[in-house]
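Novice: upload-v6.cif is reproduced below (mmCIF, C-alpha atoms).
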data_coords
#
loop_
_atom_site.label_atom_id
_atom_site.label_comp_id
_atom_site.auth_asym_id
_atom_site.auth_seq_id
_atom_site.Cartn_x
_atom_site.Cartn_y
_atom_site.Cartn_z
CA MET A 1 30.19 -9.37 3.95
CA VAL A 2 27.23 -11.74 4.04
CA ALA A 3 24.00 -10.26 2.72
CA ARG A 4 21.04 -10.47 5.02
CA THR A 5 17.38 -10.07 4.27
CA THR A 6 15.03 -7.94 6.31
CA LEU A 7 11.28 -8.35 5.84
CA LEU A 8 8.99 -5.34 6.05
CA ILE A 9 5.41 -6.15 6.99
CA GLY A 10 2.31 -3.97 6.80
CA THR A 11 -0.77 -4.82 8.85
CA PRO A 12 -3.95 -3.08 9.99
CA LYS A 13 -2.27 -2.74 13.40
CA GLY A 14 1.00 -1.19 12.36
CA ALA A 15 4.18 -2.13 10.54
CA PHE A 16 6.56 -4.85 11.70
CA ILE A 17 10.11 -5.71 10.70
CA LEU A 18 11.70 -9.15 10.72
CA ASP A 19 15.50 -9.15 10.69
CA GLY A 20 16.93 -12.34 9.24
CA ASP A 21 20.27 -14.02 9.70
CA ALA A 22 22.50 -15.03 6.80
CA SER A 23 20.84 -18.44 6.51
CA ARG A 24 17.36 -16.89 6.31
CA ARG A 25 16.25 -19.34 9.01
CA ASP A 26 16.29 -17.24 12.19
CA TRP A 27 14.27 -14.06 12.34
CA GLN A 28 13.85 -11.38 15.00
CA LEU A 29 10.65 -9.34 15.11
CA ARG A 30 10.42 -5.60 15.73
CA GLY A 31 7.20 -3.61 16.07
CA PRO A 32 4.49 -2.56 15.97
CA LEU A 33 5.80 0.52 14.17
CA CYS A 34 4.11 3.57 12.65
CA GLU A 35 2.10 4.03 15.88
CA GLY A 36 -0.18 1.14 15.04
CA TRP A 37 -1.58 2.78 11.92
CA ALA A 38 -3.19 0.53 9.31
CA ILE A 39 -0.35 0.06 6.81
CA HIS A 40 -1.43 -1.16 3.39
CA ASP A 41 2.01 -1.06 1.79
CA ILE A 42 5.60 -0.85 2.94
CA SER A 43 8.52 -0.62 0.55
CA VAL A 44 12.09 0.56 0.14
CA ASP A 45 13.45 3.48 -1.86
CA PRO A 46 16.22 1.73 -3.81
CA GLU A 47 18.24 4.93 -4.12
CA SER A 48 18.19 6.24 -0.53
CA GLY A 49 17.51 2.99 1.33
CA ALA A 50 14.63 4.68 3.17
CA ILE A 51 11.71 2.55 4.28
CA LEU A 52 8.37 3.97 3.13
CA ALA A 53 5.00 2.95 4.54
CA GLY A 54 1.57 4.05 3.35
CA GLY A 55 -1.68 3.79 5.20
CA ALA A 56 -4.04 5.61 7.52
CA SER A 57 -5.12 6.07 11.09
CA PRO A 58 -8.84 5.85 11.86
CA TRP A 59 -8.46 9.09 13.80
CA TYR A 60 -5.76 11.03 12.00
CA GLY A 61 -6.25 10.10 8.37
CA PRO A 62 -3.83 8.96 5.66
CA ALA A 63 -0.10 9.62 5.40
CA VAL A 64 3.15 8.22 4.08
CA TRP A 65 5.71 7.28 6.73
CA ARG A 66 9.45 7.30 6.20
CA SER A 67 12.37 5.85 8.14
CA ASP A 68 16.01 6.53 7.25
CA ASP A 69 17.47 4.30 9.95
CA ALA A 70 16.08 0.85 9.08
CA GLY A 71 12.90 1.40 11.05
CA ALA A 72 14.27 2.77 14.32
CA THR A 73 12.68 6.22 13.95
CA TRP A 74 9.95 7.48 11.67
CA THR A 75 8.46 10.68 10.30
CA HIS A 76 5.26 11.07 8.35
CA SER A 77 3.58 13.55 6.01
CA SER A 78 0.39 14.01 4.06
CA GLU A 79 1.11 17.55 2.92
CA GLY A 80 -0.49 17.76 -0.52
CA LEU A 81 -2.05 14.30 -0.31
CA THR A 82 -5.50 15.64 -1.06
CA TYR A 83 -7.91 16.10 -3.93
CA GLY A 84 -8.63 19.58 -2.50
CA ASP A 85 -11.41 20.85 -0.27
CA ASP A 86 -13.92 20.44 -3.11
CA GLY A 87 -12.76 16.96 -4.05
CA PRO A 88 -13.47 13.52 -2.64
CA LYS A 89 -12.03 12.58 0.73
CA LEU A 90 -8.79 10.66 0.39
CA THR A 91 -9.20 7.73 2.74
CA THR A 92 -5.93 5.80 2.65
CA ILE A 93 -2.72 4.93 0.81
CA TRP A 94 -2.58 1.55 -0.96
CA ASN A 95 0.85 1.63 -2.56
CA VAL A 96 4.10 3.52 -2.06
CA THR A 97 6.79 3.02 -4.72
CA ALA A 98 10.00 4.95 -5.20
CA ALA A 99 11.92 5.17 -8.47
CA HIS A 100 14.06 7.59 -10.44
CA GLY A 101 14.26 10.16 -7.62
CA ALA A 102 10.51 10.30 -7.00
CA ILE A 103 8.09 8.57 -4.65
CA TYR A 104 4.65 7.61 -5.92
CA ALA A 105 1.61 6.97 -3.74
CA GLY A 106 -1.48 5.15 -4.99
CA VAL A 107 -4.55 6.10 -3.02
CA GLU A 108 -8.25 5.50 -2.42
CA PRO A 109 -10.37 6.74 -4.11
CA ALA A 110 -8.13 5.81 -7.02
CA GLY A 111 -5.50 8.36 -7.92
CA LEU A 112 -1.77 8.86 -8.03
CA PHE A 113 0.40 11.32 -6.10
CA ARG A 114 4.09 12.07 -6.49
CA SER A 115 6.74 13.48 -4.16
CA VAL A 116 10.08 14.78 -5.37
CA ASP A 117 11.32 15.80 -1.91
CA GLY A 118 11.48 12.42 -0.26
CA GLY A 119 7.86 12.35 0.88
CA ALA A 120 7.74 15.71 2.67
CA THR A 121 5.24 17.16 0.18
CA TRP A 122 3.06 15.59 -2.50
CA GLU A 123 1.46 16.66 -5.76
CA HIS A 124 -1.52 15.10 -7.49
CA VAL A 125 -0.72 13.42 -10.81
CA ALA A 126 -3.86 14.93 -12.28
CA GLY A 127 -3.40 13.47 -15.75
CA LEU A 128 -4.62 10.08 -14.55
CA THR A 129 -7.64 11.46 -12.71
CA ASN A 130 -8.46 13.49 -15.83
CA HIS A 131 -8.51 10.38 -18.02
CA PRO A 132 -11.67 10.45 -20.17
CA THR A 133 -12.83 7.13 -18.69
CA ARG A 134 -12.72 8.42 -15.07
CA SER A 135 -16.46 9.01 -14.70
CA GLU A 136 -17.09 5.34 -15.51
CA TRP A 137 -14.59 3.80 -13.08
CA GLN A 138 -16.24 1.32 -10.73
CA PRO A 139 -14.82 0.01 -7.43
CA GLY A 140 -13.89 -3.58 -6.75
CA ASN A 141 -14.65 -5.40 -3.51
CA GLY A 142 -11.76 -3.56 -1.84
CA GLY A 143 -12.92 -0.16 -3.07
CA LEU A 144 -11.87 2.07 -5.97
CA ILE A 145 -8.16 1.82 -5.29
CA LEU A 146 -4.90 2.41 -7.10
CA HIS A 147 -2.88 -0.50 -5.73
CA SER A 148 -0.11 -1.30 -8.20
CA ILE A 149 2.65 1.08 -9.31
CA VAL A 150 5.27 -0.24 -11.71
CA PRO A 151 8.04 2.12 -12.80
CA HIS A 152 10.00 1.46 -15.98
CA ARG A 153 13.49 0.27 -15.18
CA THR A 154 15.36 3.02 -17.01
CA ASP A 155 12.86 5.56 -18.39
CA PRO A 156 11.53 7.87 -15.65
CA ALA A 157 8.76 9.11 -17.94
CA ARG A 158 7.16 5.66 -18.16
CA LEU A 159 4.99 4.17 -15.43
CA TRP A 160 2.21 1.61 -15.19
CA VAL A 161 -0.53 1.57 -12.57
CA GLY A 162 -3.23 -0.94 -11.68
CA ILE A 163 -6.64 0.18 -10.46
CA SER A 164 -9.47 -2.03 -9.20
CA ALA A 165 -11.78 -2.57 -10.91
CA VAL A 166 -10.65 -0.43 -13.82
CA GLY A 167 -7.50 -2.10 -15.12
CA ALA A 168 -4.01 -1.09 -16.09
CA PHE A 169 -2.82 2.26 -17.44
CA GLU A 170 0.51 3.46 -18.76
CA THR A 171 2.01 6.91 -19.06
CA ARG A 172 4.97 7.64 -21.33
CA ASP A 173 5.22 11.34 -20.53
CA GLY A 174 5.72 11.42 -16.80
CA GLY A 175 2.04 11.28 -15.89
CA LEU A 176 0.62 14.00 -18.14
CA THR A 177 -1.35 11.53 -20.28
CA TRP A 178 -2.33 7.91 -19.79
CA GLU A 179 -3.54 5.06 -21.98
CA THR A 180 -5.44 1.95 -20.97
CA ARG A 181 -3.42 -1.27 -21.12
CA ASN A 182 -6.04 -4.02 -20.91
CA ARG A 183 -6.23 -5.55 -24.39
CA GLY A 184 -6.52 -9.30 -24.07
CA VAL A 185 -7.48 -9.25 -20.39
CA ARG A 186 -10.82 -10.83 -19.54
CA ALA A 187 -13.54 -9.20 -17.48
CA GLY A 188 -15.61 -12.35 -16.99
CA PHE A 189 -18.14 -10.52 -14.86
CA ALA A 190 -18.98 -7.93 -17.55
CA PRO A 191 -21.39 -8.12 -20.51
CA ASP A 192 -18.44 -7.45 -22.84
CA PRO A 193 -15.70 -9.78 -21.57
CA TYR A 194 -12.92 -7.80 -23.29
CA PRO A 195 -13.71 -4.10 -22.72
CA GLU A 196 -11.17 -1.27 -23.05
CA PHE A 197 -11.30 -0.85 -19.27
CA GLY A 198 -13.21 -2.26 -16.31
CA GLN A 199 -10.95 -5.26 -15.74
CA CYS A 200 -10.22 -6.19 -12.16
CA VAL A 201 -6.43 -6.25 -12.06
CA HIS A 202 -5.22 -7.52 -8.69
CA LYS A 203 -1.46 -7.10 -9.03
CA LEU A 204 0.92 -5.85 -11.73
CA VAL A 205 4.61 -6.81 -11.73
CA MET A 206 7.52 -6.27 -14.08
CA ALA A 207 9.82 -9.05 -15.24
CA ALA A 208 13.55 -8.89 -14.79
CA ASP A 209 14.42 -7.89 -18.34
CA GLY A 210 14.41 -4.55 -20.10
CA GLY A 211 11.11 -2.97 -19.17
CA GLU A 212 8.45 -4.17 -21.60
CA HIS A 213 7.74 -7.53 -20.01
CA LEU A 214 4.87 -7.49 -17.51
CA TYR A 215 2.77 -10.01 -15.65
CA GLN A 216 -0.51 -9.60 -13.84
CA GLN A 217 -2.69 -11.59 -11.49
CA ASN A 218 -6.22 -10.61 -12.26
CA HIS A 219 -9.63 -11.40 -10.79
CA CYS A 220 -10.07 -13.36 -14.03
CA GLY A 221 -6.79 -15.13 -14.69
CA VAL A 222 -3.05 -14.66 -14.97
CA TYR A 223 -1.55 -12.76 -17.90
CA ARG A 224 1.77 -11.78 -19.43
CA SER A 225 2.71 -9.05 -21.86
CA SER A 226 5.89 -8.60 -23.82
CA ASP A 227 5.08 -5.12 -25.15
CA GLY A 228 4.50 -3.00 -22.08
CA GLY A 229 0.91 -4.08 -21.65
CA GLU A 230 -0.33 -3.11 -25.10
CA GLN A 231 -1.38 -6.74 -25.59
CA TRP A 232 -1.84 -9.37 -22.90
CA GLU A 233 -1.84 -13.13 -23.25
CA GLU A 234 -3.66 -15.29 -20.74
CA VAL A 235 -1.48 -17.94 -19.07
CA THR A 236 -3.92 -19.28 -16.49
CA SER A 237 -3.89 -22.82 -17.86
CA GLY A 238 -2.22 -25.19 -15.43
CA LEU A 239 -3.23 -23.27 -12.33
CA PRO A 240 -5.99 -24.61 -10.04
CA SER A 241 -7.90 -21.31 -10.14
CA GLU A 242 -7.99 -18.12 -12.14
CA PHE A 243 -8.44 -16.09 -8.93
CA GLY A 244 -5.71 -14.80 -6.65
CA PHE A 245 -4.12 -11.59 -5.45
CA PRO A 246 -0.34 -11.50 -5.10
CA MET A 247 2.33 -12.04 -7.70
CA ALA A 248 6.11 -11.70 -7.52
CA ALA A 249 8.71 -11.70 -10.29
CA HIS A 250 12.18 -13.26 -10.13
CA PRO A 251 14.86 -10.56 -9.77
CA ARG A 252 17.02 -12.01 -12.57
CA ASP A 253 15.01 -14.54 -14.63
CA PRO A 254 12.24 -12.85 -16.63
CA MET A 255 10.44 -16.16 -17.21
CA THR A 256 9.98 -16.95 -13.50
CA VAL A 257 7.09 -15.59 -11.43
CA TRP A 258 5.22 -16.83 -8.37
CA THR A 259 1.50 -16.62 -7.64
CA ILE A 260 -0.87 -17.96 -5.01
CA PRO A 261 -4.18 -19.11 -6.48
CA LEU A 262 -7.23 -18.85 -4.23
CA ASN A 263 -10.24 -21.03 -4.77
CA GLY A 264 -12.50 -18.35 -6.24
CA ALA A 265 -13.96 -14.89 -5.81
CA ASP A 266 -17.29 -16.21 -4.56
CA GLN A 267 -16.07 -19.34 -2.78
CA GLY A 268 -14.30 -17.95 0.28
CA ARG A 269 -11.03 -16.77 -1.25
CA PHE A 270 -8.81 -19.30 0.49
CA MET A 271 -6.28 -21.72 -0.89
CA PRO A 272 -7.96 -24.54 -2.85
CA ASP A 273 -9.18 -27.48 -0.75
CA GLY A 274 -7.68 -25.97 2.41
CA SER A 275 -4.25 -27.03 1.17
CA ALA A 276 -1.68 -24.24 1.06
CA ALA A 277 0.55 -23.86 -1.98
CA VAL A 278 2.57 -21.38 -3.97
CA TRP A 279 2.74 -21.89 -7.71
CA ARG A 280 5.61 -20.83 -9.94
CA THR A 281 6.46 -20.83 -13.59
CA HIS A 282 9.92 -20.91 -15.16
CA ASP A 283 8.68 -20.51 -18.73
CA GLY A 284 6.65 -17.33 -18.62
CA GLY A 285 3.42 -19.04 -17.67
CA GLU A 286 3.42 -21.85 -20.24
CA SER A 287 3.49 -24.33 -17.36
CA TRP A 288 3.08 -24.08 -13.60
CA ILE A 289 4.62 -25.99 -10.68
CA ARG A 290 2.89 -26.39 -7.32
CA SER A 291 4.80 -26.34 -4.06
CA GLY A 292 3.18 -27.04 -0.74
CA ASP A 293 6.31 -28.51 0.86
CA GLY A 294 6.46 -27.12 4.37
CA LEU A 295 3.04 -25.46 4.13
CA PRO A 296 -0.08 -26.82 5.86
CA GLN A 297 -1.75 -29.32 3.53
CA HIS A 298 -4.96 -29.90 5.47
CA ASP A 299 -7.57 -27.62 7.03
CA ALA A 300 -5.69 -24.46 6.02
CA TYR A 301 -8.38 -21.99 5.02
CA ILE A 302 -5.98 -19.11 4.52
CA GLY A 303 -5.81 -16.25 2.08
CA VAL A 304 -3.02 -14.00 0.86
CA LEU A 305 -3.63 -10.41 -0.22
CA ARG A 306 -2.19 -8.51 -3.17
CA GLU A 307 0.87 -6.91 -1.55
CA ALA A 308 1.65 -9.80 0.75
CA MET A 309 4.26 -11.65 -1.32
CA ALA A 310 7.83 -10.56 -2.04
CA VAL A 311 11.21 -11.85 -3.20
CA ASP A 312 14.71 -10.96 -2.13
CA GLY A 313 17.70 -10.53 -4.42
CA LEU A 314 19.85 -13.39 -3.13
CA ASP A 315 20.89 -16.55 -4.96
CA PRO A 316 18.89 -18.71 -4.59
CA VAL A 317 16.06 -16.22 -4.36
CA GLY A 318 14.09 -16.02 -1.12
CA VAL A 319 10.32 -15.90 -1.51
CA TYR A 320 8.04 -14.74 1.30
CA PHE A 321 4.30 -14.42 1.83
CA GLY A 322 2.03 -13.34 4.65
CA THR A 323 -1.47 -14.60 5.25
CA SER A 324 -4.60 -12.72 6.15
CA THR A 325 -4.53 -14.72 9.40
CA GLY A 326 -1.10 -13.51 10.50
CA GLN A 327 1.34 -16.22 9.47
CA LEU A 328 4.47 -15.39 7.52
CA TYR A 329 6.10 -18.13 5.45
CA GLY A 330 9.43 -18.05 3.68
CA SER A 331 11.39 -20.09 1.20
CA ALA A 332 15.16 -19.87 0.80
CA ASP A 333 15.14 -22.06 -2.34
CA GLU A 334 13.05 -20.07 -4.82
CA GLY A 335 9.73 -21.46 -3.63
CA ARG A 336 10.50 -25.18 -3.63
CA SER A 337 10.13 -25.61 0.13
CA TRP A 338 8.70 -23.43 2.85
CA ALA A 339 8.99 -22.73 6.55
CA LEU A 340 6.94 -20.69 9.01
CA ILE A 341 8.90 -17.54 9.87
CA ALA A 342 6.42 -15.74 12.14
CA ASP A 343 2.98 -16.44 13.55
CA ASN A 344 0.30 -14.62 15.50
CA LEU A 345 0.79 -11.35 13.67
CA PRO A 346 -2.20 -9.20 12.74
CA PRO A 347 -3.64 -9.89 9.28
CA ILE A 348 -0.77 -9.31 6.85
CA TRP A 349 -1.49 -6.80 4.12
CA SER A 350 2.00 -6.19 2.77
CA VAL A 351 5.39 -7.92 2.63
CA GLU A 352 8.55 -6.43 1.16
CA THR A 353 12.22 -7.29 1.41
CA MET A 354 15.19 -5.09 2.18
CA ALA A 355 18.80 -6.12 1.77
CA LEU A 356 21.26 -5.27 4.52
CA GLY A 357 24.92 -5.53 3.62
CA MET B 1 -6.83 38.21 19.00
CA ALA B 2 -8.14 37.04 22.34
CA GLU B 3 -6.28 38.05 25.46
CA GLY B 4 -4.39 35.11 26.81
CA PRO B 5 -3.84 31.99 24.79
CA ALA B 6 -5.96 28.89 25.07
CA VAL B 7 -4.49 25.86 26.78
CA VAL B 8 -4.68 22.88 24.44
CA HIS B 9 -4.59 19.32 25.71
CA MET B 10 -3.43 16.84 23.08
CA PRO B 11 -4.00 13.07 23.15
CA ARG B 12 -1.11 10.63 23.50
CA SER B 13 -1.78 9.13 20.08
CA LEU B 14 -1.43 12.55 18.44
CA VAL B 15 1.75 13.76 20.14
CA ALA B 16 3.31 10.36 19.42
CA LEU B 17 3.25 11.34 15.74
CA PHE B 18 5.43 14.39 16.42
CA PRO B 19 8.50 13.50 18.47
CA GLY B 20 9.12 16.13 21.12
CA ALA B 21 5.62 17.60 20.99
CA PRO B 22 4.08 18.27 24.43
CA ARG B 23 0.76 16.93 25.67
CA ARG B 24 -0.22 20.44 26.85
CA LEU B 25 0.61 23.72 25.10
CA GLU B 26 -0.68 27.21 24.60
CA ALA B 27 -2.18 28.34 21.30
CA ARG B 28 -3.80 31.55 20.15
CA GLY B 29 -6.97 32.06 18.14
CA ILE B 30 -10.54 33.28 18.47
CA THR B 31 -12.00 30.13 16.92
CA VAL B 32 -11.08 26.46 17.01
CA ALA B 33 -9.90 26.76 13.40
CA GLU B 34 -7.50 29.56 14.35
CA VAL B 35 -6.24 27.66 17.37
CA ILE B 36 -5.47 24.69 15.11
CA ASP B 37 -3.67 27.00 12.68
CA ASP B 38 -1.50 28.20 15.58
CA LEU B 39 -0.89 24.61 16.66
CA ASP B 40 0.30 23.89 13.13
CA ARG B 41 2.78 26.75 13.33
CA GLN B 42 4.18 25.23 16.50
CA ILE B 43 3.96 21.61 15.35
CA PRO B 44 4.16 21.55 11.54
CA GLY B 45 1.86 18.93 10.08
CA VAL B 46 -0.56 18.65 12.99
CA ARG B 47 -3.31 20.44 11.06
CA ASN B 48 -3.32 17.64 8.48
CA ARG B 49 -3.88 15.11 11.26
CA LEU B 50 -6.84 17.01 12.70
CA LEU B 51 -8.70 18.27 9.63
CA ASP B 52 -10.27 16.58 6.66
CA VAL B 53 -11.33 18.18 3.38
CA GLY B 54 -13.90 20.90 3.74
CA PRO B 55 -12.15 21.70 6.02
CA VAL B 56 -13.88 19.90 8.85
CA LEU B 57 -12.64 18.10 11.92
CA ARG B 58 -11.86 14.48 11.11
CA THR B 59 -14.80 12.16 11.70
CA HIS B 60 -13.42 10.34 14.73
CA LEU B 61 -11.95 13.33 16.56
CA ASN B 62 -13.74 15.52 19.09
CA VAL B 63 -12.70 18.96 20.26
CA PHE B 64 -14.10 20.39 23.48
CA VAL B 65 -13.85 24.08 24.40
CA ALA B 66 -14.37 24.69 28.11
CA GLY B 67 -15.96 21.27 28.31
CA VAL B 68 -18.42 21.77 25.44
CA ARG B 69 -18.10 19.86 22.16
CA ALA B 70 -16.99 22.25 19.43
CA ASP B 71 -16.56 22.56 15.69
CA LEU B 72 -14.09 24.65 13.71
CA ASN B 73 -16.19 27.81 14.05
CA THR B 74 -16.68 27.57 17.80
CA PRO B 75 -15.31 30.68 19.61
CA VAL B 76 -12.43 30.12 21.96
CA PRO B 77 -12.53 32.48 24.94
CA PRO B 78 -9.30 33.79 26.48
CA ARG B 79 -7.44 31.14 28.47
CA ALA B 80 -10.03 28.50 27.57
CA GLU B 81 -9.18 24.85 28.09
CA VAL B 82 -9.30 23.05 24.72
CA HIS B 83 -9.27 19.26 24.70
CA ILE B 84 -8.63 17.21 21.57
CA ILE B 85 -9.94 13.70 22.15
CA PRO B 86 -10.03 10.71 19.78
CA ALA B 87 -13.54 9.31 19.60
CA VAL B 88 -14.12 5.74 20.73
CA SER B 89 -15.87 5.26 17.40
CA GLY B 90 -12.50 5.32 15.68
CA GLY B 91 -11.01 2.37 17.48
#
Just dump the structure as structure tokens.
Specialist:
Amino acid sequence: MVARTTLLIGTPKGAFILDGDASRRDWQLRGPLCEGWAIHDISVDPESGAILAGGASPWYGPAVWRSDDAGATWTHSSEGLTYGDDGPKLTTIWNVTAAHGAIYAGVEPAGLFRSVDGGATWEHVAGLTNHPTRSEWQPGNGGLILHSIVPHRTDPARLWVGISAVGAFETRDGGLTWETRNRGVRAGFAPDPYPEFGQCVHKLVMAADGGEHLYQQNHCGVYRSSDGGEQWEEVTSGLPSEFGFPMAAHPRDPMTVWTIPLNGADQGRFMPDGSAAVWRTHDGGESWIRSGDGLPQHDAYIGVLREAMAVDGLDPVGVYFGTSTGQLYGSADEGRSWALIADNLPPIWSVETMALG
Amino acid sequence: MAEGPAVVHMPRSLVALFPGAPRRLEARGITVAEVIDDLDRQIPGVRNRLLDVGPVLRTHLNVFVAGVRADLNTPVPPRAEVHIIPAVSGG
């Protein structure tokens, strides 16, 4: 049987699904799904195959959606997705990630929730909110949001999260206690450029090897860690900008990641010089390779947000990204050349892949 | 308990979230809060869509009882018409 890739897309006007053929050249669009809710993140539970989508309606509030039939029908729930009647109002879901029999939801204002019944009910992972630094957390431009959730590959007790503009945290006891994981990461906008926390992590990803090897795209550079985030090493050199949002890791090669530099936080946040490109490294960030082949090279003032890049598991790997102006580009050769897959979508907030057998 | 249930009119965008839910149904309660509790018994999960922490009605939803804008404490007379209407401010 030939494997096919399906692309899951989250937008402020609902979720969409693009079903690809075996060549990854022809794509059929379905949607809008999730009743047009603003979907920040859409992902797949690797164990059940369910599609999960997190976001909010301006009228009906936040919820996590679930489909067990590849997007044909959906249910939703927010039961337990609350800080309580005395707590702050939970405005939306920024990340939904399933692993080890649980589903995690990262929310705004920043916090983590967990479901162990497939998303029907949720419980607050209070250990993170109770971290002694909590009273000093400050929002980034997108709000005080928990946007990255990275499970350990084999150890269900270990999990990393990324919060803007607070930084990375890790738990090793299933969420009871958390430690900051920001050593070596610059906060160029702060009086102390290397604080314990206060870094503006934009996206955390895990490399393809055992579970200690992480990368991050930050407001202030690109970083890698080989010890679970206890120490980070900056690998920005060779990129045209330290600023960007998305990052994706190769499913098999731990030294290969892709990122999309934008020109700068205070310069419009589009691709440098209006020339679209995805950059990749094959040596863990020691060197970077630009590819704009197939992408617009002139007058392209486009941006890509933190969840809007994904890879599939095929060989060669397919790489996909969506723009904040509604174009979706794909590469079937690991990012060497690109083609427009879909256009005229709403602003794309999230891209994920799903394999169909 | 009031004599005769209220008649609740639900917006398209709300019933679309609950496959099979009707646009118009009867619900019992002497306040809007109690009527919503009864709605939630009939359509599990609908309370979470209507109420925010507090609890209060969500910011961009309006409830009218017999044509008058209501809050959660507003009395619901027997057989009152209750309309749940998304506010244009939410769109």
Novice: I'd like to see the residues matched by the PyMOL selection byres ((chain B and resi 8) around 6) on this file, and ideally I'd get them as a list in words.
Specialist: Val7, His9, Arg24, Leu25, Glu26, Val82 and His83 of chain B
Novice: For the selection you just gave me, I'd like the residues written to a file as a PDB file, in the coordinates of the input, keeping C-alpha atoms.
Specialist:
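selection_20.pdb was written with the following content:
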ATOM      1  CA  VAL B   7      -4.490  25.860  26.780  1.00  0.00           C
ATOM      2  CA  HIS B   9      -4.590  19.320  25.710  1.00  0.00           C
ATOM      3  CA  ARG B  24      -0.220  20.440  26.850  1.00  0.00           C
ATOM      4  CA  LEU B  25       0.610  23.720  25.100  1.00  0.00           C
ATOM      5  CA  GLU B  26      -0.680  27.210  24.600  1.00  0.00           C
ATOM      6  CA  VAL B  82      -9.300  23.050  24.720  1.00  0.00           C
ATOM      7  CA  HIS B  83      -9.270  19.260  24.700  1.00  0.00           C
TER       8      HIS B  83
END
Novice: If we count all atoms listed in the file, what is near region 32-49 of chain B at a cut-off of 9 Å, once residues fewer than 6 positions away on the same chain are taken out, given as a ChimeraX atom specification?
Specialist: /A:59-63,76-79 /B:5-6,8,14-15,17-18,21,25-26,58,63,65,70-76,82
Novice: Hey, list the chain B side of the contact with chain A: 6 Å cut-off, only C-alpha atoms, answer as a list in words.
Specialist: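 Here they are: Arg49, Val53, Gly54, His60 and Gly90 of chain B.
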Novice: Suppose a student applies the PyMOL selection byres ((chain A and resi 274-288) around 10) to this structure; what residues should they get, written as a ChimeraX atom specification?
Specialist: /A:207,213,215,222-225,233-240,247-250,253-263,270-273,289-303,319,321,334-338
Novice: Applied to this file, what does the PyMOL selection byres ((chain B and resi 80) around 6) return in terms of residues, put as a ChimeraX atom specification?
Specialist: /B:6,66,77-79,81
Novice: Just the number, please: distance in Å from CA of Ile341 (chain A) to CA of Gly322 (chain A), one decimal.
Specialist: 9.6 Å
Novice: Residues at most 8 Å from Gly55 (chain A), counting all atoms listed in the file, excluding those fewer than 4 positions away in the same chain, as a tab-separated table (two decimals) with C-alpha atoms, in the coordinates of the input?
Specialist:
chain	number	residue	atom	x	y	z
A	37	TRP	CA	-1.58	2.78	11.92
A	38	ALA	CA	-3.19	0.53	9.31
A	39	ILE	CA	-0.35	0.06	6.81
A	40	HIS	CA	-1.43	-1.16	3.39
A	41	ASP	CA	2.01	-1.06	1.79
A	62	PRO	CA	-3.83	8.96	5.66
A	63	ALA	CA	-0.10	9.62	5.40
A	64	VAL	CA	3.15	8.22	4.08
A	92	THR	CA	-5.93	5.80	2.65
A	93	ILE	CA	-2.72	4.93	0.81
A	94	TRP	CA	-2.58	1.55	-0.96
Novice: Could you state the separation of CA of Asn344 (chain A) and CA of Asp68 (chain A) in Å, given to one decimal place?
Specialist: 27.6 Å
Novice: Which residue is closest to Asp315 (chain A)? Choose from A:Gly71, A:Gly127, A:Pro251, A:Gly10 and count all atoms listed in the file.
Specialist: A:Pro251
Novice: Which distance in Å separates CA of Ala332 (chain A) and CA of Trp65 (chain A), to one decimal?
Specialist: 29.4 Å
Novice: Considering all atoms listed in the file, can you say which of A:Val96, A:Ile103, A:Cys220, A:Ala168 comes closest to Pro156 (chain A)?
Specialist: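 Looking at the shortest contact to Pro156 (chain A), the residue is A:Ile103.
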Novice: Within 9 Å of Glu136 (chain A), counting all atoms listed in the file, which residues show up once you throw out same-chain ones fewer than 4 positions away? Write them as a PyMOL selection string, please.
Specialist: chain A and resi 132+166+198
Novice: Using only C-alpha atoms, find the one residue out of B:Ile85, B:Arg12, B:Ile30, B:Gly4 that sits nearest to Leu50 (chain B).
Specialist: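 Closest candidate: B:Ile85.
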Novice: Any idea what's packed within 9 Å of Ala157 (chain A), counting only C-alpha atoms, ignoring anything in its chain fewer than 5 positions away? Could you give it as a PyMOL selection string?
Specialist: chain A and resi 151-152+171-175
Novice: Create the file for the chosen residues now, containing C-alpha atoms and written as a PDB file, keeping the file's coordinate frame.
Specialist:
ATOM      1  CA  PRO A 151       8.040   2.120 -12.800  1.00  0.00           C
ATOM      2  CA  HIS A 152      10.000   1.460 -15.980  1.00  0.00           C
ATOM      3  CA  THR A 171       2.010   6.910 -19.060  1.00  0.00           C
ATOM      4  CA  ARG A 172       4.970   7.640 -21.330  1.00  0.00           C
ATOM      5  CA  ASP A 173       5.220  11.340 -20.530  1.00  0.00           C
ATOM      6  CA  GLY A 174       5.720  11.420 -16.800  1.00  0.00           C
ATOM      7  CA  GLY A 175       2.040  11.280 -15.890  1.00  0.00           C
TER       8      GLY A 175
END
